[in-house]
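Shown here: data.cif, mmCIF, C-alpha atoms.
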```
data_input
loop_
_atom_site.group_PDB
_atom_site.id
_atom_site.type_symbol
_atom_site.label_atom_id
_atom_site.label_comp_id
_atom_site.auth_asym_id
_atom_site.auth_seq_id
_atom_site.Cartn_x
_atom_site.Cartn_y
_atom_site.Cartn_z
ATOM 1 C CA MET U 23 0.000 0.000 0.000
ATOM 2 C CA ASN U 24 1.465 3.352 -1.043
ATOM 3 C CA ASN U 25 1.217 6.483 1.099
ATOM 4 C CA GLN U 26 -1.360 8.197 -1.119
ATOM 5 C CA LEU U 27 -3.733 5.247 -0.879
ATOM 6 C CA ALA U 28 -3.164 5.072 2.883
ATOM 7 C CA LYS U 29 -4.010 8.797 3.200
ATOM 8 C CA THR U 30 -7.181 8.336 1.132
ATOM 9 C CA ILE U 31 -8.293 5.442 3.348
ATOM 10 C CA SER U 32 -7.565 7.524 6.447
ATOM 11 C CA VAL U 33 -9.756 10.341 5.110
ATOM 12 C CA ILE U 34 -12.653 8.014 4.211
ATOM 13 C CA PHE U 35 -12.535 6.480 7.680
ATOM 14 C CA HIS U 36 -11.835 9.689 9.568
ATOM 15 C CA PRO U 37 -13.424 9.545 13.067
ATOM 16 C CA LEU U 38 -15.758 12.455 12.276
ATOM 17 C CA LEU U 39 -17.029 10.757 9.121
ATOM 18 C CA LEU U 40 -17.515 7.517 11.047
ATOM 19 C CA LEU U 41 -19.895 9.345 13.384
ATOM 20 C CA ILE U 42 -21.854 10.523 10.346
ATOM 21 C CA TYR U 43 -21.891 6.991 8.887
ATOM 22 C CA ALA U 44 -23.285 5.699 12.195
ATOM 23 C CA TYR U 45 -26.095 8.245 12.115
ATOM 24 C CA PHE U 46 -27.046 7.396 8.525
ATOM 25 C CA PHE U 47 -27.022 3.738 9.505
ATOM 26 C CA SER U 48 -29.494 4.587 12.307
ATOM 27 C CA ILE U 49 -31.806 6.223 9.773
ATOM 28 C CA ILE U 50 -31.457 3.963 6.737
ATOM 29 C CA ALA U 51 -31.087 0.512 8.295
ATOM 30 C CA ASN U 52 -33.749 0.947 10.986
ATOM 31 C CA PRO U 53 -37.096 -0.343 9.612
ATOM 32 C CA PHE U 54 -39.055 1.433 12.358
ATOM 33 C CA VAL U 55 -38.036 4.916 11.187
ATOM 34 C CA VAL U 56 -40.958 4.926 8.729
ATOM 35 C CA PHE U 57 -43.362 5.126 11.692
ATOM 36 C CA TYR U 58 -41.932 8.475 12.812
ATOM 37 C CA ASN U 59 -42.852 11.895 11.473
ATOM 38 C CA ARG U 60 -40.565 12.741 8.571
ATOM 39 C CA ASP U 61 -40.335 16.405 9.586
ATOM 40 C CA ILE U 62 -39.044 15.412 13.024
ATOM 41 C CA ILE U 63 -36.332 13.217 11.471
ATOM 42 C CA VAL U 64 -35.303 16.081 9.177
ATOM 43 C CA PHE U 65 -35.264 18.477 12.144
ATOM 44 C CA ILE U 66 -33.031 16.148 14.177
ATOM 45 C CA SER U 67 -30.712 15.593 11.218
ATOM 46 C CA VAL U 68 -30.341 19.335 10.658
ATOM 47 C CA CYS U 69 -29.694 19.951 14.376
ATOM 48 C CA LEU U 70 -27.007 17.267 14.484
ATOM 49 C CA LEU U 71 -25.439 18.588 11.285
ATOM 50 C CA VAL U 72 -25.343 22.159 12.600
ATOM 51 C CA SER U 73 -23.931 20.943 15.924
ATOM 52 C CA THR U 74 -21.232 18.964 14.131
ATOM 53 C CA LEU U 75 -20.343 21.934 11.921
ATOM 54 C CA PHE U 76 -20.170 24.162 15.015
ATOM 55 C CA ALA U 77 -17.781 21.714 16.696
ATOM 56 C CA CYS U 78 -15.661 21.520 13.524
ATOM 57 C CA LEU U 79 -15.539 25.318 13.309
ATOM 58 C CA LEU U 80 -14.442 25.535 16.929
ATOM 59 C CA ILE U 81 -11.752 22.915 16.338
ATOM 60 C CA TYR U 82 -10.537 24.740 13.222
ATOM 61 C CA SER U 83 -10.397 28.001 15.211
ATOM 62 C CA LEU U 84 -8.266 26.296 17.845
ATOM 63 C CA TYR U 85 -6.037 24.986 15.067
ATOM 64 C CA ARG U 86 -5.624 28.488 13.635
ATOM 65 C CA LEU U 87 -4.750 29.716 17.129
ATOM 66 C CA HIS U 88 -2.107 26.936 17.299
ATOM 67 C CA TYR U 89 -3.816 25.302 20.287
ATOM 68 C CA ILE U 90 -4.240 22.209 18.123
ATOM 69 C CA SER U 91 -1.114 21.311 16.176
ATOM 70 C CA SER U 92 -2.717 19.282 13.379
ATOM 71 C CA LEU U 93 -6.179 18.575 12.021
ATOM 72 C CA GLY U 94 -4.987 15.009 11.534
ATOM 73 C CA LEU U 95 -5.149 14.640 15.336
ATOM 74 C CA ASP U 96 -1.784 12.948 15.622
ATOM 75 C CA ARG U 97 -0.884 14.217 19.102
ATOM 76 C CA LYS U 98 -2.472 13.040 22.361
ATOM 77 C CA HIS U 99 -3.315 16.614 23.374
ATOM 78 C CA ASP U 100 -5.163 17.201 20.081
ATOM 79 C CA LYS U 101 -7.195 14.009 20.373
ATOM 80 C CA ILE U 102 -8.265 14.739 23.939
ATOM 81 C CA THR U 103 -9.247 18.328 23.098
ATOM 82 C CA VAL U 104 -11.348 17.283 20.102
ATOM 83 C CA SER U 105 -13.015 14.453 22.043
ATOM 84 C CA LEU U 106 -13.993 16.873 24.815
ATOM 85 C CA ILE U 107 -15.435 19.388 22.347
ATOM 86 C CA PHE U 108 -17.590 16.792 20.606
ATOM 87 C CA THR U 109 -18.645 15.309 23.957
ATOM 88 C CA LEU U 110 -19.953 18.677 25.148
ATOM 89 C CA VAL U 111 -21.710 19.443 21.850
ATOM 90 C CA TYR U 112 -23.453 16.063 21.608
ATOM 91 C CA PHE U 113 -24.311 16.072 25.304
ATOM 92 C CA PHE U 114 -26.255 19.275 24.670
ATOM 93 C CA CYS U 115 -28.009 17.561 21.728
ATOM 94 C CA PHE U 116 -28.863 14.561 23.899
ATOM 95 C CA GLN U 117 -30.340 16.795 26.598
ATOM 96 C CA LEU U 118 -32.378 18.673 24.012
ATOM 97 C CA PHE U 119 -33.760 15.627 22.205
ATOM 98 C CA SER U 120 -34.381 13.455 25.274
ATOM 99 C CA ARG U 121 -36.403 16.219 26.940
ATOM 100 C CA THR U 122 -38.393 17.399 23.918
ATOM 101 C CA LEU U 123 -38.645 14.349 21.642
ATOM 102 C CA HIS U 124 -39.162 10.712 22.453
ATOM 103 C CA LEU U 125 -37.319 8.826 19.741
ATOM 104 C CA PRO U 126 -35.587 5.742 21.205
ATOM 105 C CA PHE U 127 -33.254 5.152 18.251
ATOM 106 C CA ILE U 128 -31.943 8.743 18.368
ATOM 107 C CA ASN U 129 -31.421 8.555 22.136
ATOM 108 C CA LEU U 130 -29.637 5.237 21.681
ATOM 109 C CA PHE U 131 -27.397 6.696 18.986
ATOM 110 C CA LEU U 132 -26.454 9.680 21.159
ATOM 111 C CA ILE U 133 -25.874 7.553 24.281
ATOM 112 C CA VAL U 134 -23.515 5.274 22.366
ATOM 113 C CA LEU U 135 -21.842 8.301 20.774
ATOM 114 C CA LEU U 136 -21.291 10.061 24.108
ATOM 115 C CA PHE U 137 -20.027 6.873 25.745
ATOM 116 C CA SER U 138 -17.603 6.375 22.835
ATOM 117 C CA LEU U 139 -16.270 9.936 23.067
ATOM 118 C CA ILE U 140 -15.795 9.762 26.836
ATOM 119 C CA LEU U 141 -13.951 6.457 26.560
ATOM 120 C CA SER U 142 -11.836 7.897 23.751
ATOM 121 C CA THR U 143 -10.787 10.787 25.991
ATOM 122 C CA PHE U 144 -9.629 8.431 28.746
ATOM 123 C CA ALA U 145 -7.978 5.996 26.316
ATOM 124 C CA ASN U 146 -5.947 8.771 24.690
ATOM 125 C CA TYR U 147 -4.910 10.127 28.085
ATOM 126 C CA PHE U 148 -3.367 6.876 29.264
ATOM 127 C CA CYS U 149 -1.917 5.381 26.082
ATOM 128 C CA ARG U 150 -1.287 5.975 22.383
ATOM 129 C CA THR U 151 -4.315 4.826 20.440
ATOM 130 C CA SER U 152 -5.474 5.163 16.862
ATOM 131 C CA SER U 153 -8.688 7.203 16.830
ATOM 132 C CA HIS U 154 -9.521 5.760 13.412
ATOM 133 C CA LEU U 155 -9.417 2.168 14.670
ATOM 134 C CA TYR U 156 -11.107 3.076 17.936
ATOM 135 C CA PHE U 157 -14.148 4.551 16.182
ATOM 136 C CA VAL U 158 -14.226 1.759 13.597
ATOM 137 C CA GLY U 159 -14.501 -0.595 16.569
ATOM 138 C CA CYS U 160 -17.275 1.565 18.046
ATOM 139 C CA LEU U 161 -19.133 1.532 14.727
ATOM 140 C CA CYS U 162 -18.857 -2.270 14.510
ATOM 141 C CA ALA U 163 -20.209 -2.597 18.044
ATOM 142 C CA TYR U 164 -23.032 -0.161 17.287
ATOM 143 C CA VAL U 165 -24.144 -2.179 14.253
ATOM 144 C CA ILE U 166 -23.906 -5.476 16.170
ATOM 145 C CA GLY U 167 -25.746 -4.046 19.179
ATOM 146 C CA SER U 168 -28.440 -2.450 17.020
ATOM 147 C CA GLY U 169 -29.008 -5.768 15.275
ATOM 148 C CA LEU U 170 -29.426 -7.516 18.628
ATOM 149 C CA LYS U 171 -31.821 -4.838 19.942
ATOM 150 C CA LEU U 172 -33.933 -4.788 16.778
ATOM 151 C CA SER U 173 -33.613 -8.538 16.082
ATOM 152 C CA ILE U 174 -32.285 -7.778 12.606
ATOM 153 C CA ASN U 175 -29.441 -9.604 10.896
ATOM 154 C CA TYR U 176 -26.790 -7.109 9.796
ATOM 155 C CA GLU U 177 -24.084 -9.718 9.280
ATOM 156 C CA TRP U 178 -23.137 -8.531 5.756
ATOM 157 C CA ILE U 179 -22.619 -4.978 7.067
ATOM 158 C CA ILE U 180 -20.623 -6.318 10.020
ATOM 159 C CA GLY U 181 -18.477 -8.411 7.685
ATOM 160 C CA ILE U 182 -17.694 -5.366 5.514
ATOM 161 C CA LEU U 183 -16.834 -3.287 8.605
ATOM 162 C CA PHE U 184 -14.428 -5.931 9.936
ATOM 163 C CA LEU U 185 -12.793 -6.119 6.503
ATOM 164 C CA CYS U 186 -12.497 -2.326 6.427
ATOM 165 C CA SER U 187 -10.986 -2.323 9.922
ATOM 166 C CA GLY U 188 -8.075 -4.418 8.647
ATOM 167 C CA ILE U 189 -7.552 -2.041 5.707
ATOM 168 C CA VAL U 190 -7.663 1.008 7.997
ATOM 169 C CA ALA U 191 -5.238 -0.647 10.408
ATOM 170 C CA SER U 192 -2.738 -1.208 7.592
ATOM 171 C CA ALA U 193 -3.073 2.425 6.488
ATOM 172 C CA ARG U 194 -2.566 3.829 10.003
ATOM 173 C CA MET U 195 0.424 1.563 10.638
ATOM 174 C CA GLN U 196 2.054 2.753 7.430
ATOM 175 C CA LEU U 197 1.365 6.469 7.897
ATOM 176 C CA HIS U 198 1.892 6.988 11.608
ATOM 177 C CA GLY U 199 4.008 4.083 12.778
ATOM 178 C CA TYR U 200 1.440 2.374 14.974
ATOM 179 C CA THR U 201 2.333 -1.155 15.985
ATOM 180 C CA LEU U 202 0.042 -4.109 15.345
ATOM 181 C CA PHE U 203 -0.644 -4.288 19.085
ATOM 182 C CA GLN U 204 -1.679 -0.603 19.210
ATOM 183 C CA VAL U 205 -4.138 -0.810 16.313
ATOM 184 C CA CYS U 206 -5.649 -4.049 17.629
ATOM 185 C CA MET U 207 -6.032 -2.595 21.129
ATOM 186 C CA SER U 208 -7.552 0.595 19.689
ATOM 187 C CA PHE U 209 -10.125 -1.469 17.795
ATOM 188 C CA LEU U 210 -10.961 -3.649 20.806
ATOM 189 C CA CYS U 211 -11.172 -0.600 23.113
ATOM 190 C CA GLY U 212 -13.916 0.700 20.832
ATOM 191 C CA LEU U 213 -15.631 -2.648 20.223
ATOM 192 C CA ILE U 214 -15.875 -4.312 23.640
ATOM 193 C CA PRO U 215 -17.144 -1.452 25.885
ATOM 194 C CA ILE U 216 -19.874 -0.476 23.397
ATOM 195 C CA LEU U 217 -21.026 -4.101 23.126
ATOM 196 C CA LEU U 218 -21.161 -4.292 26.937
ATOM 197 C CA LEU U 219 -23.125 -1.028 26.985
ATOM 198 C CA PHE U 220 -25.853 -2.592 24.835
ATOM 199 C CA PHE U 221 -26.326 -5.363 27.396
ATOM 200 C CA PHE U 222 -27.060 -2.794 30.106
ATOM 201 C CA LEU U 223 -29.370 -0.599 28.017
ATOM 202 C CA PRO U 224 -33.103 -1.378 28.292
#
```

How does the structure come out when it is put into structure tokens?
Amino acid sequence: MNNQLAKTISVIFHPLLLLIYAYFFSIIANPFVVFYNRDIIVFISVCLLVSTLFACLLIYSLYRLHYISSLGLDRKHDKITVSLIFTLVYFFCFQLFSRTLHLPFINLFLIVLLFSLILSTFANYFCRTSSHLYFVGCLCAYVIGSGLKLSINYEWIIGILFLCSGIVASARMQLHGYTLFQVCMSFLCGLIPILLLFFFLP
């Protein structure tokens, strides 16, 4: 794998884009969405999009002020800062939606998202992890857990995600010198806690 291909893979599976993929999965692959008011779904989607853009703008401002060294989030300090920003933004969204709207699949998505971001903050504080692999692991767990909750077989999606995780791992090892142990631990740190979370959610 050459560096250009590895960079392209890293962009496609950027942690921020993985969050967006997870949300679209919640909308597209959930058969019960059709029973909800379409305007409400559009409203929630717009709110989440605006919130995400606000967080990205704040992160870019910090980058321009040299508080964040790289938008690639290669340093531990950068990863922790970005995780905290997104945690605060999505916590506000969760409070808003849980108090005003009663949509279980949106609440589930935001709970898993917040739990993932909080764990990411702690993981990056104590050791060097790959955010790409961590959130790929979270996405895999979210699809598996959603399938168990909804009694739907998503095994073809899960198979593709596990295949993609190996490709992303190779790209991150080539670009940023992660060891095989680090990428595997990053993936498992995202996968296992989110799976356990689904067992405790009603």

Check your understanding: With all atoms listed in the file as the basis for distance, which of U:Pro215, U:Gly169, U:Leu183, U:Ile189 is at the shortest distance from Asn52 (chain U)?
Key -> U:Gly169

Exercise for review: Please provide as a PyMOL selection string all residues within 8 Å of Ser152 (chain U), with the sequence filter that same-chain residues fewer than 4 positions apart are discarded (counting all atoms listed in the file).
Suggested key: chain U and resi 156+194+200+204-205+208

**Study point:** Picked residues, the PyMOL selection byres ((chain U and resi 210-213) around 7), expected as a count of residues only
**Key:** 14

Decode the PyMOL selection byres ((chain U and resi 35) around 12) for the given file into explicit residues and return them as a short mmCIF file (atom, residue, chain, number, x, y, z; two decimals) with C-alpha atoms, in the coordinates of the input.
```
data_model
loop_
_atom_site.label_atom_id
_atom_site.label_comp_id
_atom_site.auth_asym_id
_atom_site.auth_seq_id
_atom_site.Cartn_x
_atom_site.Cartn_y
_atom_site.Cartn_z
CA ALA U 28 -3.16 5.07 2.88
CA LYS U 29 -4.01 8.80 3.20
CA THR U 30 -7.18 8.34 1.13
CA ILE U 31 -8.29 5.44 3.35
CA SER U 32 -7.56 7.52 6.45
CA VAL U 33 -9.76 10.34 5.11
CA ILE U 34 -12.65 8.01 4.21
CA HIS U 36 -11.84 9.69 9.57
CA PRO U 37 -13.42 9.54 13.07
CA LEU U 38 -15.76 12.46 12.28
CA LEU U 39 -17.03 10.76 9.12
CA LEU U 40 -17.52 7.52 11.05
CA LEU U 41 -19.90 9.35 13.38
CA ILE U 42 -21.85 10.52 10.35
CA TYR U 43 -21.89 6.99 8.89
CA ALA U 44 -23.28 5.70 12.20
CA SER U 152 -5.47 5.16 16.86
CA SER U 153 -8.69 7.20 16.83
CA HIS U 154 -9.52 5.76 13.41
CA LEU U 155 -9.42 2.17 14.67
CA TYR U 156 -11.11 3.08 17.94
CA PHE U 157 -14.15 4.55 16.18
CA VAL U 158 -14.23 1.76 13.60
CA GLY U 159 -14.50 -0.60 16.57
CA LEU U 161 -19.13 1.53 14.73
CA LEU U 183 -16.83 -3.29 8.60
CA CYS U 186 -12.50 -2.33 6.43
CA SER U 187 -10.99 -2.32 9.92
CA GLY U 188 -8.07 -4.42 8.65
CA ILE U 189 -7.55 -2.04 5.71
CA VAL U 190 -7.66 1.01 8.00
CA ALA U 191 -5.24 -0.65 10.41
CA ALA U 193 -3.07 2.42 6.49
CA ARG U 194 -2.57 3.83 10.00
#
```

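The gap separating CA of Ser91 (chain U) from CA of Thr151 (chain U) is 17.3 Å, in Å to one decimal.
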
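Nearest to Ser67 (chain U) of all the residues U:Ile49, U:Leu84, U:Leu125, U:Leu141 is U:Ile49, counting all atoms listed in the file.
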
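Picture a line from CA of Cys115 (chain U) to CA of Ser73 (chain U); it runs 7.9 Å.
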
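The residues returned by the PyMOL selection byres ((chain U and resi 101-106) around 9) for this structure are Ala77, Cys78, Ile81, Ile90, Leu95, Asp96, Arg97, Lys98, His99, Asp100, Ile107, Phe108, Thr109, Leu110, Val111, Leu139, Ile140, Ser142, Thr143, Phe144, Asn146, Tyr147 and Ser153 of chain U.
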
May I have the residues from that selection written out with C-alpha atoms, as a compact mmCIF listing (two decimals), in the coordinates of the input?
```txt
# COMPACT_ATOMS: atom_id res chain seq x y z
CA ALA U 77 -17.78 21.71 16.70
CA CYS U 78 -15.66 21.52 13.52
CA ILE U 81 -11.75 22.92 16.34
CA ILE U 90 -4.24 22.21 18.12
CA LEU U 95 -5.15 14.64 15.34
CA ASP U 96 -1.78 12.95 15.62
CA ARG U 97 -0.88 14.22 19.10
CA LYS U 98 -2.47 13.04 22.36
CA HIS U 99 -3.32 16.61 23.37
CA ASP U 100 -5.16 17.20 20.08
CA ILE U 107 -15.44 19.39 22.35
CA PHE U 108 -17.59 16.79 20.61
CA THR U 109 -18.64 15.31 23.96
CA LEU U 110 -19.95 18.68 25.15
CA VAL U 111 -21.71 19.44 21.85
CA LEU U 139 -16.27 9.94 23.07
CA ILE U 140 -15.80 9.76 26.84
CA SER U 142 -11.84 7.90 23.75
CA THR U 143 -10.79 10.79 25.99
CA PHE U 144 -9.63 8.43 28.75
CA ASN U 146 -5.95 8.77 24.69
CA TYR U 147 -4.91 10.13 28.08
CA SER U 153 -8.69 7.20 16.83
```

If we count all atoms listed in the file and set the cut-off at 10 Å, which residues sit around Ile128 (chain U), ignoring sequence neighbours fewer than 3 positions away in its own chain? Please answer as a compact mmCIF listing (two decimals) with C-alpha atoms, in the coordinates of the input.
```
# COMPACT_ATOMS: atom_id res chain seq x y z
CA TYR U 45 -26.10 8.24 12.12
CA SER U 48 -29.49 4.59 12.31
CA ILE U 49 -31.81 6.22 9.77
CA ILE U 63 -36.33 13.22 11.47
CA ILE U 66 -33.03 16.15 14.18
CA SER U 67 -30.71 15.59 11.22
CA PHE U 116 -28.86 14.56 23.90
CA PHE U 119 -33.76 15.63 22.20
CA SER U 120 -34.38 13.46 25.27
CA LEU U 123 -38.65 14.35 21.64
CA HIS U 124 -39.16 10.71 22.45
CA LEU U 125 -37.32 8.83 19.74
CA PHE U 131 -27.40 6.70 18.99
CA LEU U 132 -26.45 9.68 21.16
CA ILE U 133 -25.87 7.55 24.28
CA VAL U 134 -23.52 5.27 22.37
```

Size and centre in Å, one decimal, axis-aligned box, all listed region 211-218 of chain U atoms plus 3 Å per side, as JSON:
```
{"center_x": -16.2, "center_y": -1.8, "center_z": 23.6, "size_x": 16.0, "size_y": 11.0, "size_z": 12.7}
```
